[in-house]
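J.: File target_13.cif below, mmCIF, C-alpha atoms and all ligand atoms:
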```cif
data_final
#
loop_
_atom_site.label_atom_id
_atom_site.label_comp_id
_atom_site.auth_asym_id
_atom_site.auth_seq_id
_atom_site.Cartn_x
_atom_site.Cartn_y
_atom_site.Cartn_z
CA MET A 1 11.80 -5.16 -6.51
CA SER A 2 11.49 -8.12 -4.13
CA THR A 3 8.08 -9.55 -3.35
CA TYR A 4 6.66 -10.72 -0.05
CA HIS A 5 3.31 -12.34 0.45
CA THR A 6 2.44 -10.03 3.35
CA PRO A 7 4.09 -7.22 5.32
CA LEU A 8 4.45 -9.68 8.22
CA ASP A 9 6.63 -11.96 6.08
CA LEU A 10 8.90 -8.99 5.43
CA VAL A 11 9.09 -8.22 9.16
CA ARG A 12 9.90 -11.85 9.96
CA GLU A 13 12.47 -12.34 7.22
CA ARG A 14 14.23 -8.99 7.15
CA SER A 15 13.48 -6.93 10.30
CA PRO A 16 13.95 -3.82 8.16
CA GLU A 17 15.91 -0.99 9.77
CA ARG A 18 14.80 1.62 7.25
CA PRO A 19 11.22 2.58 6.41
CA VAL A 20 9.81 0.38 3.64
CA ALA A 21 7.27 1.42 1.02
CA LEU A 22 4.97 -1.56 0.52
CA VAL A 23 3.57 -1.45 -2.99
CA ARG A 24 0.56 -3.22 -4.44
CA PRO A 25 0.70 -2.68 -8.20
CA ASP A 26 -2.60 -4.53 -8.75
CA ALA A 27 -4.39 -1.77 -6.88
CA VAL A 28 -3.24 0.77 -9.50
CA SER A 29 -4.32 -1.54 -12.25
CA VAL A 30 -7.81 -2.12 -10.82
CA ALA A 31 -8.36 1.61 -10.25
CA ALA A 32 -7.12 2.53 -13.73
CA ARG A 33 -9.29 -0.08 -15.41
CA TRP A 34 -12.30 1.18 -13.49
CA PHE A 35 -11.74 4.77 -14.64
CA GLN A 36 -10.95 3.69 -18.20
CA SER A 37 -14.18 1.73 -18.49
CA GLU A 38 -16.56 3.94 -16.46
CA PHE A 39 -15.49 7.52 -17.26
CA LYS A 40 -17.12 8.66 -20.50
CA GLY A 41 -14.05 10.44 -21.80
CA ASP A 42 -10.26 10.56 -21.58
CA VAL A 43 -8.43 9.79 -18.36
CA PHE A 44 -5.19 11.73 -17.73
CA TYR A 45 -3.17 10.51 -14.75
CA ALA A 46 -1.94 13.44 -12.62
CA VAL A 47 1.68 12.36 -12.24
CA LYS A 48 2.42 14.41 -9.12
CA ALA A 49 0.26 12.13 -6.95
CA ASN A 50 2.86 9.38 -7.31
CA PRO A 51 5.62 9.61 -9.92
CA SER A 52 7.08 6.15 -9.22
CA PRO A 53 8.03 4.36 -12.45
CA TRP A 54 6.13 1.23 -11.35
CA VAL A 55 2.94 3.30 -11.11
CA ILE A 56 3.42 4.72 -14.61
CA ARG A 57 4.13 1.28 -16.07
CA GLU A 58 1.13 -0.27 -14.31
CA LEU A 59 -1.11 2.48 -15.70
CA VAL A 60 0.19 1.90 -19.20
CA ASP A 61 -0.50 -1.83 -18.86
CA ALA A 62 -4.04 -0.95 -17.77
CA GLY A 63 -4.54 1.14 -20.91
CA VAL A 64 -3.88 4.69 -19.66
CA ARG A 65 -2.22 6.68 -22.44
CA SER A 66 -2.67 10.25 -21.22
CA PHE A 67 -0.77 12.05 -18.47
CA ASP A 68 -1.21 15.36 -16.70
CA VAL A 69 2.28 16.77 -16.09
CA ALA A 70 3.45 19.92 -14.32
CA SER A 71 7.21 20.11 -14.96
CA VAL A 72 9.89 19.11 -17.44
CA ALA A 73 11.05 16.42 -15.02
CA GLU A 74 7.57 14.86 -15.04
CA ILE A 75 7.51 15.08 -18.84
CA GLU A 76 10.85 13.25 -19.06
CA LEU A 77 9.62 10.63 -16.62
CA VAL A 78 6.50 9.92 -18.68
CA ALA A 79 8.50 9.96 -21.92
CA GLU A 80 10.79 7.31 -20.46
CA HIS A 81 8.22 4.99 -18.89
CA ALA A 82 5.21 5.56 -21.12
CA PRO A 83 6.74 6.37 -24.52
CA GLY A 84 4.32 7.59 -27.15
CA SER A 85 1.68 8.68 -24.66
CA ARG A 86 -0.12 12.01 -24.75
CA MET A 87 0.84 14.63 -22.20
CA ALA A 88 -1.01 17.73 -21.06
CA PHE A 89 1.05 20.45 -19.36
CA MET A 90 -1.57 21.54 -16.85
CA HIS A 91 0.45 23.79 -14.56
CA PRO A 92 -0.97 27.29 -15.08
CA VAL A 93 2.45 28.93 -14.52
CA LYS A 94 5.41 27.60 -16.52
CA SER A 95 8.83 28.89 -17.46
CA ARG A 96 9.33 29.81 -21.13
CA ARG A 97 12.08 27.23 -21.34
CA ALA A 98 9.78 24.50 -19.97
CA ILE A 99 7.08 25.39 -22.50
CA SER A 100 9.58 25.22 -25.40
CA ALA A 101 11.08 21.95 -24.21
CA ALA A 102 7.61 20.43 -23.84
CA TYR A 103 6.51 21.56 -27.29
CA PHE A 104 9.67 21.06 -29.36
CA ASP A 105 11.40 18.15 -27.58
CA HIS A 106 8.46 16.10 -26.33
CA GLY A 107 5.56 16.85 -28.67
CA VAL A 108 3.34 18.28 -25.93
CA ARG A 109 0.45 20.18 -27.53
CA THR A 110 -1.89 20.74 -24.58
CA PHE A 111 -1.22 23.62 -22.19
CA SER A 112 -3.29 25.24 -19.46
CA PHE A 113 -3.13 28.83 -18.19
CA ASP A 114 -5.23 31.26 -16.18
CA THR A 115 -3.99 34.65 -17.42
CA HIS A 116 -3.53 36.46 -20.75
CA GLU A 117 0.17 36.84 -19.88
CA GLU A 118 0.68 33.08 -19.61
CA LEU A 119 -1.25 32.50 -22.84
CA ALA A 120 1.12 34.96 -24.56
CA LYS A 121 4.12 33.09 -23.10
CA ILE A 122 2.79 29.79 -24.45
CA ILE A 123 2.27 31.22 -27.93
CA ASP A 124 5.71 32.92 -27.98
CA SER A 125 7.58 29.93 -26.61
CA THR A 126 6.10 27.56 -29.17
CA GLY A 127 7.05 29.82 -32.11
CA GLN A 128 3.46 31.03 -32.64
CA ALA A 129 2.29 27.42 -33.01
CA LYS A 130 -1.15 26.98 -34.49
CA ASP A 131 -1.64 23.39 -33.36
CA LEU A 132 -2.06 23.99 -29.64
CA ASN A 133 -4.79 22.69 -27.40
CA LEU A 134 -5.41 25.62 -25.10
CA ILE A 135 -7.13 24.91 -21.81
CA VAL A 136 -8.33 27.78 -19.61
CA ARG A 137 -8.06 26.90 -15.94
CA MET A 138 -11.01 28.33 -14.06
CA GLY A 139 -11.24 28.95 -10.35
CA VAL A 140 -14.46 27.43 -9.14
CA GLN A 141 -16.34 27.65 -5.89
CA ALA A 142 -16.41 24.05 -4.75
CA GLU A 143 -17.66 22.59 -1.53
CA GLY A 144 -16.65 19.44 0.17
CA ALA A 145 -12.97 19.03 -0.62
CA ALA A 146 -10.48 18.22 2.11
CA TYR A 147 -7.85 20.29 0.27
CA SER A 148 -8.79 23.42 -1.57
CA LEU A 149 -6.89 24.00 -4.79
CA SER A 150 -8.65 27.14 -5.94
CA GLY A 151 -6.66 29.64 -3.88
CA LYS A 152 -3.56 29.56 -6.03
CA PHE A 153 -4.80 29.00 -9.58
CA GLY A 154 -7.80 29.64 -11.75
CA VAL A 155 -9.31 32.67 -13.47
CA ASP A 156 -12.50 33.96 -11.85
CA LEU A 157 -15.88 34.03 -13.51
CA HIS A 158 -15.57 37.76 -14.14
CA ASN A 159 -12.31 37.53 -16.09
CA ALA A 160 -12.83 34.09 -17.66
CA PRO A 161 -14.88 35.17 -20.72
CA SER A 162 -12.15 37.36 -22.24
CA LEU A 163 -9.53 34.68 -21.66
CA LEU A 164 -11.77 32.01 -23.23
CA LEU A 165 -12.28 34.25 -26.22
CA ALA A 166 -8.53 34.91 -26.55
CA ALA A 167 -7.84 31.18 -26.36
CA ARG A 168 -10.47 30.45 -29.00
CA ARG A 169 -8.81 32.98 -31.34
CA SER A 170 -5.30 31.65 -30.69
CA THR A 171 -5.70 28.11 -31.92
CA GLN A 172 -7.10 26.11 -34.77
CA ASP A 173 -7.07 23.05 -32.58
CA LEU A 174 -8.86 22.45 -29.31
CA MET A 175 -9.93 25.12 -26.85
CA GLY A 176 -11.16 23.97 -23.49
CA VAL A 177 -11.91 24.71 -19.87
CA SER A 178 -10.58 22.96 -16.81
CA PHE A 179 -10.91 23.32 -13.05
CA HIS A 180 -10.02 21.43 -9.91
CA VAL A 181 -12.74 21.01 -7.30
CA GLY A 182 -10.10 20.36 -4.62
CA SER A 183 -8.40 17.16 -3.61
CA GLN A 184 -10.21 14.38 -1.73
CA CYS A 185 -13.56 15.85 -2.77
CA MET A 186 -16.27 14.35 -0.58
CA ARG A 187 -19.25 15.65 -2.59
CA PRO A 188 -20.04 14.36 -6.07
CA THR A 189 -22.23 17.41 -6.75
CA ALA A 190 -19.14 19.66 -6.49
CA TYR A 191 -18.29 18.59 -10.06
CA GLN A 192 -21.73 19.42 -11.36
CA ALA A 193 -21.60 22.84 -9.67
CA ALA A 194 -18.16 23.56 -11.12
CA MET A 195 -19.33 22.57 -14.60
CA ALA A 196 -22.27 24.97 -14.28
CA GLN A 197 -19.82 27.77 -13.44
CA ALA A 198 -17.62 26.89 -16.42
CA SER A 199 -20.69 26.81 -18.62
CA ARG A 200 -21.73 30.29 -17.50
CA ALA A 201 -18.31 31.67 -18.43
CA LEU A 202 -18.48 30.01 -21.87
CA VAL A 203 -21.93 31.42 -22.52
CA ARG A 204 -20.77 34.91 -21.52
CA ALA A 205 -17.79 34.58 -23.84
CA GLY A 206 -20.05 33.34 -26.62
CA VAL A 207 -17.75 30.41 -27.42
CA LEU A 208 -18.17 26.65 -27.33
CA ALA A 209 -15.51 24.51 -25.68
CA ASP A 210 -13.96 21.54 -27.47
CA VAL A 211 -12.75 20.11 -24.17
CA VAL A 212 -14.32 20.06 -20.74
CA ASP A 213 -11.70 18.88 -18.28
CA VAL A 214 -13.14 18.14 -14.84
CA GLY A 215 -9.69 17.80 -13.26
CA GLY A 216 -8.81 15.62 -10.28
CA GLY A 217 -10.22 15.49 -6.78
CA PHE A 218 -11.70 12.00 -6.89
CA PRO A 219 -11.44 10.66 -3.35
CA SER A 220 -9.95 7.69 -1.61
CA ILE A 221 -10.91 6.33 1.81
CA TYR A 222 -9.27 7.41 5.05
CA PRO A 223 -10.49 7.06 8.65
CA GLY A 224 -13.27 9.59 9.11
CA MET A 225 -13.38 10.33 5.39
CA VAL A 226 -15.47 7.64 3.77
CA PRO A 227 -16.78 9.13 0.54
CA PRO A 228 -19.80 8.16 -1.55
CA ASP A 229 -19.26 5.57 -4.28
CA LEU A 230 -17.11 6.74 -7.19
CA SER A 231 -19.98 5.96 -9.55
CA GLU A 232 -21.89 8.84 -7.90
CA TYR A 233 -19.10 11.19 -8.96
CA LEU A 234 -19.28 10.03 -12.57
CA ALA A 235 -23.07 10.34 -12.51
CA ALA A 236 -22.78 13.94 -11.27
CA ILE A 237 -20.29 14.66 -14.07
CA ASP A 238 -22.67 13.16 -16.61
CA ARG A 239 -25.45 15.39 -15.34
CA GLY A 240 -23.15 18.42 -15.38
CA PHE A 241 -22.03 17.68 -18.93
CA ALA A 242 -25.62 17.24 -20.13
CA GLU A 243 -26.47 20.69 -18.75
CA MET A 244 -23.52 22.43 -20.44
CA MET A 245 -23.72 24.29 -23.73
CA VAL A 246 -21.28 22.24 -25.77
CA HIS A 247 -21.15 20.88 -29.29
CA GLU A 248 -21.57 17.29 -30.39
CA THR A 249 -17.88 16.50 -30.49
CA THR A 250 -16.88 18.22 -27.25
CA GLN A 251 -14.55 15.91 -25.34
CA LEU A 252 -14.74 15.16 -21.64
CA TRP A 253 -11.42 14.75 -19.80
CA CYS A 254 -10.49 14.04 -16.20
CA GLU A 255 -7.19 14.13 -14.31
CA PRO A 256 -7.36 11.78 -11.33
CA GLY A 257 -4.26 11.49 -9.18
CA ARG A 258 -5.14 10.30 -5.70
CA ALA A 259 -7.95 7.94 -6.78
CA LEU A 260 -5.62 5.95 -9.02
CA CYS A 261 -2.80 5.34 -6.56
CA ALA A 262 -3.80 6.00 -2.94
CA GLU A 263 -4.58 2.36 -2.20
CA ALA A 264 -1.47 1.04 -3.88
CA SER A 265 1.15 1.88 -1.25
CA SER A 266 1.53 1.78 2.47
CA LEU A 267 4.55 2.37 4.65
CA LEU A 268 6.18 0.03 7.14
CA VAL A 269 7.89 1.90 9.97
CA LYS A 270 9.71 0.77 13.08
CA VAL A 271 9.02 2.01 16.58
CA GLU A 272 12.29 3.34 18.05
CA LEU A 273 10.88 4.50 21.38
CA LYS A 274 7.62 4.65 23.30
CA LYS A 275 7.07 7.63 25.61
CA GLY A 276 3.54 7.49 27.03
CA ASP A 277 1.16 7.90 24.12
CA ALA A 278 3.95 9.10 21.81
CA LEU A 279 5.66 6.66 19.46
CA TYR A 280 8.97 7.74 17.90
CA LEU A 281 9.24 6.22 14.42
CA ASN A 282 11.92 5.91 11.75
CA ASP A 283 9.88 7.99 9.27
CA GLY A 284 7.86 11.18 9.57
CA SER A 285 6.74 14.48 8.09
CA TYR A 286 9.93 14.93 6.06
CA GLY A 287 9.52 11.39 4.74
CA SER A 288 6.27 9.86 3.55
CA LEU A 289 4.01 11.27 6.28
CA PHE A 290 3.59 14.87 5.12
CA ASP A 291 -0.23 14.73 5.17
CA ALA A 292 -0.30 13.01 8.55
CA ALA A 293 1.74 15.90 9.99
CA HIS A 294 0.60 18.97 8.10
CA MET A 295 -3.00 18.04 7.31
CA LYS A 296 -3.36 15.99 10.52
CA TRP A 297 -4.84 13.11 8.54
CA PRO A 298 -5.39 10.01 10.67
CA PHE A 299 -4.21 7.21 8.39
CA PRO A 300 -5.19 3.60 9.16
CA VAL A 301 -2.57 1.49 10.94
CA LYS A 302 -1.73 -2.15 11.67
CA LEU A 303 0.76 -3.48 14.20
CA TYR A 304 3.28 -6.27 13.52
CA ARG A 305 5.63 -7.90 16.01
CA LYS A 306 8.46 -10.20 15.10
CA ASN A 307 9.03 -12.25 18.24
CA GLY A 308 7.43 -13.39 21.43
CA PRO A 309 4.20 -15.15 22.20
CA SER A 310 2.22 -12.29 20.67
CA GLY A 311 4.34 -12.23 17.49
CA GLY A 312 2.55 -11.77 14.20
CA GLU A 313 -0.05 -9.19 13.41
CA VAL A 314 -1.09 -7.91 16.80
CA VAL A 315 -4.83 -7.59 17.05
CA GLU A 316 -6.16 -6.75 20.49
CA GLU A 317 -9.44 -5.55 21.75
CA GLY A 318 -9.30 -2.12 23.33
CA LEU A 319 -7.16 -0.04 21.03
CA LYS A 320 -5.57 3.11 22.41
CA PRO A 321 -4.92 6.42 20.65
CA PHE A 322 -1.27 7.18 19.91
CA ARG A 323 0.55 10.05 18.27
CA PHE A 324 3.69 9.69 16.21
CA TYR A 325 6.98 11.56 16.06
CA GLY A 326 9.35 11.26 13.09
CA PRO A 327 13.11 10.76 13.26
CA THR A 328 14.33 14.34 12.60
CA CYS A 329 15.14 16.84 15.34
CA ASP A 330 12.49 19.27 14.08
CA SER A 331 9.45 19.64 16.33
CA VAL A 332 7.07 19.93 13.34
CA ASP A 333 7.97 16.27 12.70
CA HIS A 334 4.85 15.28 14.63
CA MET A 335 1.81 13.33 13.43
CA PRO A 336 -1.02 13.90 15.93
CA GLY A 337 -3.31 11.15 14.60
CA PRO A 338 -4.80 9.74 16.70
CA PHE A 339 -3.56 6.39 15.48
CA TRP A 340 -5.42 3.56 17.18
CA LEU A 341 -3.10 0.72 18.16
CA PRO A 342 -2.98 -2.09 20.71
CA GLU A 343 -1.84 -0.72 24.06
CA SER A 344 1.08 -3.14 24.11
CA VAL A 345 2.83 -1.47 21.16
CA ASP A 346 6.48 -0.96 22.04
CA GLU A 347 10.03 -0.38 20.83
CA GLY A 348 11.01 -2.80 18.08
CA ASP A 349 7.46 -3.28 16.81
CA TYR A 350 6.53 -2.43 13.25
CA ILE A 351 3.56 -0.32 12.17
CA GLU A 352 2.06 -0.39 8.71
CA ILE A 353 0.53 2.96 7.84
CA GLY A 354 -2.00 2.43 5.08
CA MET A 355 -3.34 4.40 2.11
CA LEU A 356 -0.14 6.36 1.43
CA GLY A 357 0.10 5.70 -2.30
CA ALA A 358 -0.91 9.24 -3.19
CA TYR A 359 1.08 12.23 -1.93
CA GLY A 360 3.00 9.92 0.43
CA VAL A 361 6.19 8.46 -0.98
CA ALA A 362 6.16 11.32 -3.55
CA MET A 363 6.82 13.85 -0.79
CA SER A 364 9.88 12.30 0.83
CA THR A 365 12.99 14.43 1.51
CA ARG A 366 16.42 13.64 2.93
CA PHE A 367 16.29 16.24 5.69
CA ASN A 368 18.52 15.52 8.69
CA GLY A 369 19.94 12.38 7.08
CA PHE A 370 16.67 10.44 7.15
CA GLY A 371 14.11 9.55 4.53
CA GLU A 372 15.89 6.80 2.64
CA THR A 373 13.20 4.23 1.97
CA ASP A 374 13.30 0.72 0.57
CA THR A 375 10.53 -0.51 -1.68
CA VAL A 376 9.07 -4.01 -1.82
CA GLU A 377 5.98 -5.48 -3.41
CA VAL A 378 3.39 -7.20 -1.21
CA GLN A 379 0.45 -9.32 -2.28
CA ASP A 380 -2.16 -8.77 0.39
CA ALA A 381 -5.10 -6.36 0.00
CA PRO A 382 -4.84 -2.65 0.75
CA MET A 383 -6.36 -1.57 4.08
CA ALA A 384 -9.36 -0.05 2.32
CA SER A 385 -10.59 0.23 -1.23
CA MET A 386 -12.95 2.23 -3.42
CA TYR A 387 -12.84 -0.64 -5.91
CA GLY A 388 -13.84 -3.64 -3.81
CA LEU A 389 -10.28 -4.80 -3.10
CA ALA A 390 -10.82 -4.63 0.64
CA LYS A 391 -13.56 -4.00 3.10
CA ARG A 392 -14.71 -0.64 1.89
CA SER A 393 -14.86 1.21 5.17
CA ILE A 394 -12.10 1.30 7.72
CA PRO A 395 -13.13 0.23 11.18
CA VAL A 396 -11.84 2.91 13.48
CA VAL A 397 -12.45 3.68 17.08
CA ARG A 398 -12.86 7.37 17.63
CA THR A 399 -13.33 9.69 20.54
CA GLU A 400 -16.34 11.97 20.54
CA ALA A 401 -14.14 14.97 19.72
CA GLU A 402 -12.77 13.07 16.76
CA GLU A 403 -16.27 12.22 15.58
CA ARG A 404 -17.16 15.90 15.64
CA LYS A 405 -14.03 16.83 13.75
CA VAL A 406 -14.55 14.36 10.93
CA VAL A 407 -18.29 14.53 10.56
CA ARG A 408 -18.10 17.48 8.19
CA PHE A 409 -16.57 15.19 5.60
CA SER A 410 -19.21 12.49 5.74
CA ARG A 411 -22.73 12.45 4.52
CA PRO A 412 -25.45 13.29 7.01
CA LYS A 413 -27.23 10.16 8.12
CA GLY A 414 -30.85 9.71 7.13
CA ALA A 415 -32.60 10.01 3.82
CA ALA A 416 -30.19 9.07 1.07
CA GLY A 417 -29.61 11.81 -1.43
CA LYS A 418 -30.90 14.55 0.85
CA ARG A 419 -27.69 16.27 1.66
CA LYS A 420 -27.54 19.32 3.81
CA ARG A 421 -25.45 22.17 2.54
CA ARG A 422 -22.94 23.46 5.00
CA ARG A 423 -20.84 26.54 4.86
C1 LIG B 1 -2.96 17.75 -8.34
C2 LIG B 1 -3.72 17.89 -9.58
C3 LIG B 1 -4.54 16.84 -10.03
C4 LIG B 1 -4.76 15.57 -9.24
O1 LIG B 1 -5.57 15.83 -8.13
P1 LIG B 1 -6.13 14.63 -7.22
O2 LIG B 1 -6.85 15.34 -6.15
O3 LIG B 1 -4.95 13.88 -6.73
O4 LIG B 1 -7.01 13.80 -8.07
C5 LIG B 1 -5.19 17.00 -11.23
N1 LIG B 1 -5.06 18.12 -11.97
C6 LIG B 1 -4.28 19.15 -11.58
C7 LIG B 1 -4.16 20.35 -12.44
C8 LIG B 1 -3.60 19.08 -10.36
O5 LIG B 1 -2.84 20.12 -9.96
#
```
Could you express the structure from this file as structure tokens?
Ligand SMILES: *Cc1c(COP(=O)(O)O)cnc(C)c1O
T.:
Amino acid sequence: MSTYHTPLDLVRERSPERPVALVRPDAVSVAARWFQSEFKGDVFYAVKANPSPWVIRELVDAGVRSFDVASVAEIELVAEHAPGSRMAFMHPVKSRRAISAAYFDHGVRTFSFDTHEELAKIIDSTGQAKDLNLIVRMGVQAEGAAYSLSGKFGVDLHNAPSLLLAARRSTQDLMGVSFHVGSQCMRPTAYQAAMAQASRALVRAGVLADVVDVGGGFPSIYPGMVPPDLSEYLAAIDRGFAEMMVHETTQLWCEPGRALCAEASSLLVKVELKKGDALYLNDGSYGSLFDAAHMKWPFPVKLYRKNGPSGGEVVEEGLKPFRFYGPTCDSVDHMPGPFWLPESVDEGDYIEIGMLGAYGVAMSTRFNGFGETDTVEVQDAPMASMYGLAKRSIPVVRTEAEERKVVRFSRPKGAAGKRKRRR
């Protein structure tokens, strides 16, 4: 991987024709070290957030030895780039062949499930193994996440006790509970509330858990979504854990994805055409901009220009809102933004779209002949950081309508700690 001091150096030296993923490995390292030292338990990296080998290697260098995987391909990836590490197969629905391969070929011992049928599959496909760590995935009612993850997976409170009991009886090793409060969770108390729900199910089942896995959901910063400090999330988890009925050796686990890699990549795209407030780019929703298109997330942007008197990073007063179109012929290849850029932006300019390290490059397809992306390392700071690598909040200009749209993600102003509940 070649290295440039800044994205502007890359623009000046190479005028890249294809989209370029700009990676900042240090950002992964700083995030991983923070979690490793502050979280009072084991940190499993959720590989799906960004399966790039450089991310895995950076995590290993930072001391991460546990990985949350969801497929055989992810297992093979971790086995290759983080040999000897511990893997947890946390997808609640797996093929029998995937379970066997995980257990017999890769030494995976930890499996999650949310039905009796899946538990039976796990036991069958591992040859009635007795050394399994069996983690019951619970569906929890959680507020404050930008993406809900409870619709598809998770046993409800009513059916959880019998599944917990069955899990307890099926293993001589660890039995645990897990949940996912939803990705980009804006409320630390969501974890505490989810832990209370898990605790209730355990009490009803009359069993004690050996593992309490609080899942992922830890946030990063995006325009209009500036979360509380990460330490508030860990404090809420501490409070939740203290209130649970557990035994002395019960382990606490977490599975951050986004929070470990969001800051560590951005994307450099080229403007191919300007049509009013629409900019046609060389990457889009079938490339690294899935969330910008389908979730309408307004990612932070910077403008670079190679030539002319205004060459360099273009910083002008009076930014204007733009929307983006990707290179494919599909009309869903549209990123509404708004992305605030200098009015002078034009064909041939380059735009850096920040904070795409999680669920960005990982989503890229080759639809319509586009999507091929180069990767280079850059040494400047990410556009925003939860870990003090950059100015923490992103300065963004927003219209009033935008303010109204995003306000539900931010904390009400006024007395700290007094948070209004919203439905
Ligand atoms: C996606 C996922 C994660 C990671 O979620 P983030 O919101 O990126 O932290 C963790 N655990 C499971 C089971 C997941 O499916």
J.: So that I can see what lies close to stretch 276-280 of chain A, please list as a PDB file with C-alpha atoms, in the frame of the given file the residues with an atom at most 9 Å from it, counting only C-alpha atoms and leaving out residues fewer than 4 positions away in the same chain.
T.:
```
ATOM      1  CA  LYS A 270       9.710   0.770  13.080  1.00  0.00           C
ATOM      2  CA  VAL A 271       9.020   2.010  16.580  1.00  0.00           C
ATOM      3  CA  GLU A 272      12.290   3.340  18.050  1.00  0.00           C
ATOM      4  CA  LYS A 320      -5.570   3.110  22.410  1.00  0.00           C
ATOM      5  CA  PRO A 321      -4.920   6.420  20.650  1.00  0.00           C
ATOM      6  CA  PHE A 322      -1.270   7.180  19.910  1.00  0.00           C
ATOM      7  CA  ARG A 323       0.550  10.050  18.270  1.00  0.00           C
ATOM      8  CA  PHE A 324       3.690   9.690  16.210  1.00  0.00           C
ATOM      9  CA  TYR A 325       6.980  11.560  16.060  1.00  0.00           C
ATOM     10  CA  GLY A 326       9.350  11.260  13.090  1.00  0.00           C
ATOM     11  CA  PRO A 327      13.110  10.760  13.260  1.00  0.00           C
ATOM     12  CA  VAL A 345       2.830  -1.470  21.160  1.00  0.00           C
ATOM     13  CA  ASP A 346       6.480  -0.960  22.040  1.00  0.00           C
ATOM     14  CA  GLU A 347      10.030  -0.380  20.830  1.00  0.00           C
TER      15      GLU A 347
END
```
J.: For ligand LIG 1 (chain B), collect every residue having any atom at a distance of at most 9 Å from a ligand atom (counting all atoms listed in the file); output as a ChimeraX atom specification.
T.: /A:44-49,68-70,89-92,112,137,147,149,178-185,214-219,254-262,358-359
J.: Rounded to one decimal place, report the atom CA of A:Phe111-atom CA of A:Ser29 distance in Å.
T.: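 Spanning atom CA of A:Phe111 to atom CA of A:Ser29 is a straight-line distance of 27.2 Å.
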J.: Quick one: distance from atom CA of A:Gly360 to atom CA of A:Leu289 in Å, one decimal?
T.: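 Interatomic distance, atom CA of A:Gly360 to atom CA of A:Leu289: 6.1 Å.
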J.: Write out as a VMD selection string which residues come within 10 Å of stretch 53-65 of chain A when counting all atoms listed in the file, dropping same-chain ones fewer than 2 positions away.
T.: chain A and resid 1 23 to 37 42 to 45 47 50 to 51 67 77 to 78 80 to 87 260 to 261 264 357
J.: For the atom pair atom CA of A:Phe241 and atom CA of A:Ala166, what is the interatomic distance in Å to one decimal place?
T.: 23.2 Å
J.: Please identify all polymer residues lying at most 12 Å from the point (3.6, -11.7, 17.4) (file coordinates), using all atoms listed in the file, and present the result as a count of residues only.
T.: 23
J.: Would you pick out the contacts of A:Gly240 at 8 Å or less, using all atoms listed in the file, so that residues sharing its chain but fewer than 2 positions from it are not included, and give the list as a list in words?
T.: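 Non-adjacent residues within range: Tyr191, Gln192, Ala193, Met195, Ala196, Ala236, Ile237, Asp238, Ala242, Glu243 and Met244 of chain A.
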J.: Excluding same-chain residues fewer than 4 positions from A:Leu119, what lies within 10 Å of it counting only C-alpha atoms, as a ChimeraX atom specification?
T.: /A:92-93,111-115,123-125,134-136,163,166-167,170
J.: Within 8 Å of A:Gly144, counting only C-alpha atoms, which residues show up once you throw out same-chain ones fewer than 6 positions away? Write them as a list in words, please.
T.: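 Skipping anything fewer than 6 positions along the chain leaves Cys185, Met186, Arg187, Ala190 and Phe409 of chain A.
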J.: Could you write those residues out with C-alpha atoms, as a short mmCIF file (atom, residue, chain, number, x, y, z; two decimals), keeping the file's coordinate frame?
T.:
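Everything below was put into selection_35.cif:
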```
data_model
loop_
_atom_site.label_atom_id
_atom_site.label_comp_id
_atom_site.auth_asym_id
_atom_site.auth_seq_id
_atom_site.Cartn_x
_atom_site.Cartn_y
_atom_site.Cartn_z
CA CYS A 185 -13.56 15.85 -2.77
CA MET A 186 -16.27 14.35 -0.58
CA ARG A 187 -19.25 15.65 -2.59
CA ALA A 190 -19.14 19.66 -6.49
CA PHE A 409 -16.57 15.19 5.60
#
```
J.: List every protein, DNA or RNA residue that has at least one atom no more than 10 Å from (-13.0, 34.8, -24.0) in the file's coordinates, counting only C-alpha atoms, and write the result as a PyMOL selection string.
T.: chain A and resi 136+159-169+201-207
